[in-house]
Amino acid sequence: MFEHLDDPRPPDFGPGARRAVVGRAQRRRRRRVAGGLGMAAASLVAGAGGLYGRAAYRASQIERIEVAGMSDAADGEPVTFLVRGVDGPRGAGDAGGRADTVLLARLDPATGAASLLSLPRDLLVTDPATGGQVRINGLSADAQVAVVRDQLGIAVNHVAQIDLDGFGALVDLVGGVEVAVPAPVRDTHSGLLLAQTGCVRVDGDQARALVRARRLEVLDASGRWQPGRFGDLERTATQRAVLVAALADLAGRTDPLSVDRMAGWIRDHVAVDDDLGLGELTDLIRAALAVDPASVETAIVPVVPAEVDANRLVVDPAAAPAAIAAFSEGAALPDGIPLDRVVVDAC
Amino acid sequence: MRATTGERPSFEDRFAPLAALAYKVAYRLTGDRAESEDLAQEALARAYLRWRKVARYDEAWVARVVTNLAIGRWRRHGRVEVRGDWGDRGRPAAAHPRPDDPLDRIEVVRALRSLPRRQREAVALRYLADLPEAAVAAHLGCTVGAVKQHTHRGLAALRRADGRQAHDEERTDVRASR
């Protein structure tokens with residue numbers, strides 16, 4: 001129906017055009033991989049101002065998703081993001097897709113205070129569309145915003161969606177992170193093996209395997225590999241340990257090089273909602289990098305096993321309100337649910 | 001025999017048709033050759049970097065990305081870069097489209113921008129990229145029925161926003177798809 005808008009003589013896309021495209025892609029990949037050295041050299045030449053400009057340009061290329069039901073945050077006021085780690089590309093076509101990870105991130109640009117509140121994947125909530133009980137991770141971004149607002153009482157200002165590779169890439173961006181491994185752990189499906197205990201450095205692939213693995217095995221005292229029987233809470237805790245370690249590494253790096261690399265990561269792996277202005281985004285990146293990692297408050301929203309299904313979780317009516325209130329005010333979060341076992345812990 | 005069935009097609013083999021598709025979508029939105037070539041290049045470069053993931057729904061993926069890129073540029077510039085020709089090349093940039101155009105580019109972009117995401121993507125994939133309903137459904141992860149509904153509502157909203165009567169072509173199209 002739009003044939004009338006067509007170019008009557010479209011160009012020919014032959015091998016020359018293909019080489020140009022591949023060249024463009026490879027220059028970008030090289031830029032991404034070369035990272036440090038090239039950028040350091042460039043910063044000597046271009047000076048800091050140019051790099052901040054580049055970071056802003058990179059941020060301007062970020063993918064966008066349309067999300068409804070968010071509330072506006074006033075200028076300079078704390079901002080709450082719904083962060084979705086999705087099981088595929090981050091792009092607009094997948095804003096309805098499943099989210100492997102759902103967490104709320106609150107950043108107060110004025111004070112530098114930051115809090116992360118994880119919502120377990122197996123958390124049962126009321127589907128706003130049907131009224132039925134569903135796991136939160138199957139809901140679209142729109143529905144999750146509504147659930148967080150209406151059922152948890154937390155207003156979401158923006159949504160960020162991170163693709164399948166984003167988590168591992170973030171870990172690689174900081175050159176790997178150190179986590180505490182209480183017992184040797186492996187996953188024969190992904191080839192993951194952490195044989196050493198204590199503080200161990202893991203790379204992006206290992207970090208991703210740790211949080212995604214469904215069949216982790218743990219080496220017991222007799223030297224046999226036993227099924228880990230880790231549930232969603234342990235998985236969420238692992239994810240938090242890795243995330244906090246990565247953030248700790250990033251924090252304080254407000255130099256242009258780090259800002260640029262962070263902006264590059266965001267461009268390659270993150271989609272944000274349409275309503276987030278470019279200036280606001282750049283300011284938030286800088287504010288986030290300036291956060292003191294030791295002061296970041298993290299918790300899993302208090303939950304109890306669901307009556308209908310012990311493998312599902314529901315919000316703990318006794319403990320959750322205090323945690324939610326503390327999160328909303330940027331106050332210290334109460335200690336979370338004590339876990340009997342962890343895959344890895346903060347180092 | 002090159003590839004057996006089920007094997008992923010190579011980027012090299014798919015480049016020409018995908019680039020032509022990306023250019024078509026970009027040109028329908030921008031009307032500018034240089035801009036459209038650049039948008040098509042950008043979309044294809046992104047596809048190249050993620051080819052393993054893109055290959056399955058390459059046409060829909062490329063069409064979606066180039067649509068979003070074109071609309072995104074419009075967003076940043078605050079207007080569509082309508083410098084190009086409208087079929088007869090002599091016209092100045094600011095010329096109005098031909099009177100028989102059911103919707104001109106600016107209206108299409110503006111109307112697409114105002115649609116909810118699913119409707120926008122369904123309309124873009126179905127009518128800007130001219131992909132079959134089944135391919136649109138596969139890429140959007142919904143049923144063919146849902147695609148029909150999205151495109152039907154999308155087109156209706158597009159016309160309402162435009163205040164125009166439905167173009168005969170569209171009318172038969174919607175009827176035929178019921």
# chains A, B, ... in the order shown; residues from 1 in each chain; ligands from 1
$ closest_atom_pairs --of "chain B" --to "chain A" --cutoff "7 Å" --atoms "only C-alpha atoms" --output "tab-separated table"
residue	atom	partner	partner_atom	distance
B:Phe15	CA	A:Arg18	CA	6.6
B:Ala16	CA	A:Phe13	CA	5.4
B:Ala19	CA	A:Phe13	CA	6.4
B:Ala20	CA	A:Phe13	CA	6.7
B:Lys24	CA	A:Asp6	CA	6.6
B:Tyr27	CA	A:Asp6	CA	6.5
B:Arg28	CA	A:Leu5	CA	5.0
B:Gln41	CA	A:Val21	CA	5.6
B:Leu44	CA	A:Val21	CA	6.6
B:Ala45	CA	A:Ala25	CA	4.8
B:Arg46	CA	A:Ala25	CA	6.8
B:Tyr48	CA	A:Ala25	CA	6.8
B:Leu49	CA	A:Ala25	CA	6.4
B:Gly87	CA	A:Pro8	CA	6.8
B:Asp101	CA	A:His4	CA	6.9
B:Arg117	CA	A:Glu66	CA	6.1
B:Tyr127	CA	A:Met1	CA	6.3
B:Leu128	CA	A:Phe2	CA	6.6
B:Leu140	CA	A:Gly93	CA	6.2
B:Glu169	CA	A:Met1	CA	6.7
B:Glu170	CA	A:Met1	CA	6.5
$ residues_around --residues "stretch 328-331 of chain A" --least-positions-apart "6" --cutoff "7 Å" --atoms "only C-alpha atoms" --output "PyMOL selection string"
chain A and resi 113+115+154
$ write_last_selection --atoms "N, CA and C atoms" --output "PDB file, in the first residue's frame"
ATOM      1  N   ALA A 113      22.950   8.133  46.349  1.00  0.00           N
ATOM      2  CA  ALA A 113      22.470   6.906  46.996  1.00  0.00           C
ATOM      3  C   ALA A 113      21.822   6.000  45.960  1.00  0.00           C
ATOM      4  N   SER A 115      19.942   1.959  45.351  1.00  0.00           N
ATOM      5  CA  SER A 115      19.408   0.725  45.924  1.00  0.00           C
ATOM      6  C   SER A 115      18.954  -0.188  44.806  1.00  0.00           C
ATOM      7  N   ILE A 154       5.262   0.646  44.207  1.00  0.00           N
ATOM      8  CA  ILE A 154       6.465   1.394  43.840  1.00  0.00           C
ATOM      9  C   ILE A 154       6.266   1.974  42.446  1.00  0.00           C
TER      10      ILE A 154
END
$ closest_residue --among "A:Leu250, A:Leu139, A:Leu210, A:Leu107" --to "A:Gly168" --atoms "only C-alpha atoms"
A:Leu210
$ residues_around --residues "A:Pro128" --least-positions-apart "3" --cutoff "9 Å" --atoms "only C-alpha atoms" --output "number ranges by chain"
A: 125, 131-132, 143-144, 146-147
$ residues_around --residues "A:Ala73" --least-positions-apart "4" --cutoff "9 Å" --atoms "only C-alpha atoms" --output "list in words"
Glu77, Pro78, Val79, Thr80, Val156, Asn157 and His158 of chain A
$ closest_residue --among "A:Asp127, A:Asp273, A:Asp205, A:Asp122" --to "A:Gly231" --atoms "only C-alpha atoms"
A:Asp122
$ select_by_dssp --residues "stretch 69-269 of chain A" --states "strand (DSSP E)" --output "PyMOL selection string"
chain A and resi 79-86+99-108+113-119+124-126+133-135+158-162+177-181+185-187+192-194+198-202+217-219+225-227
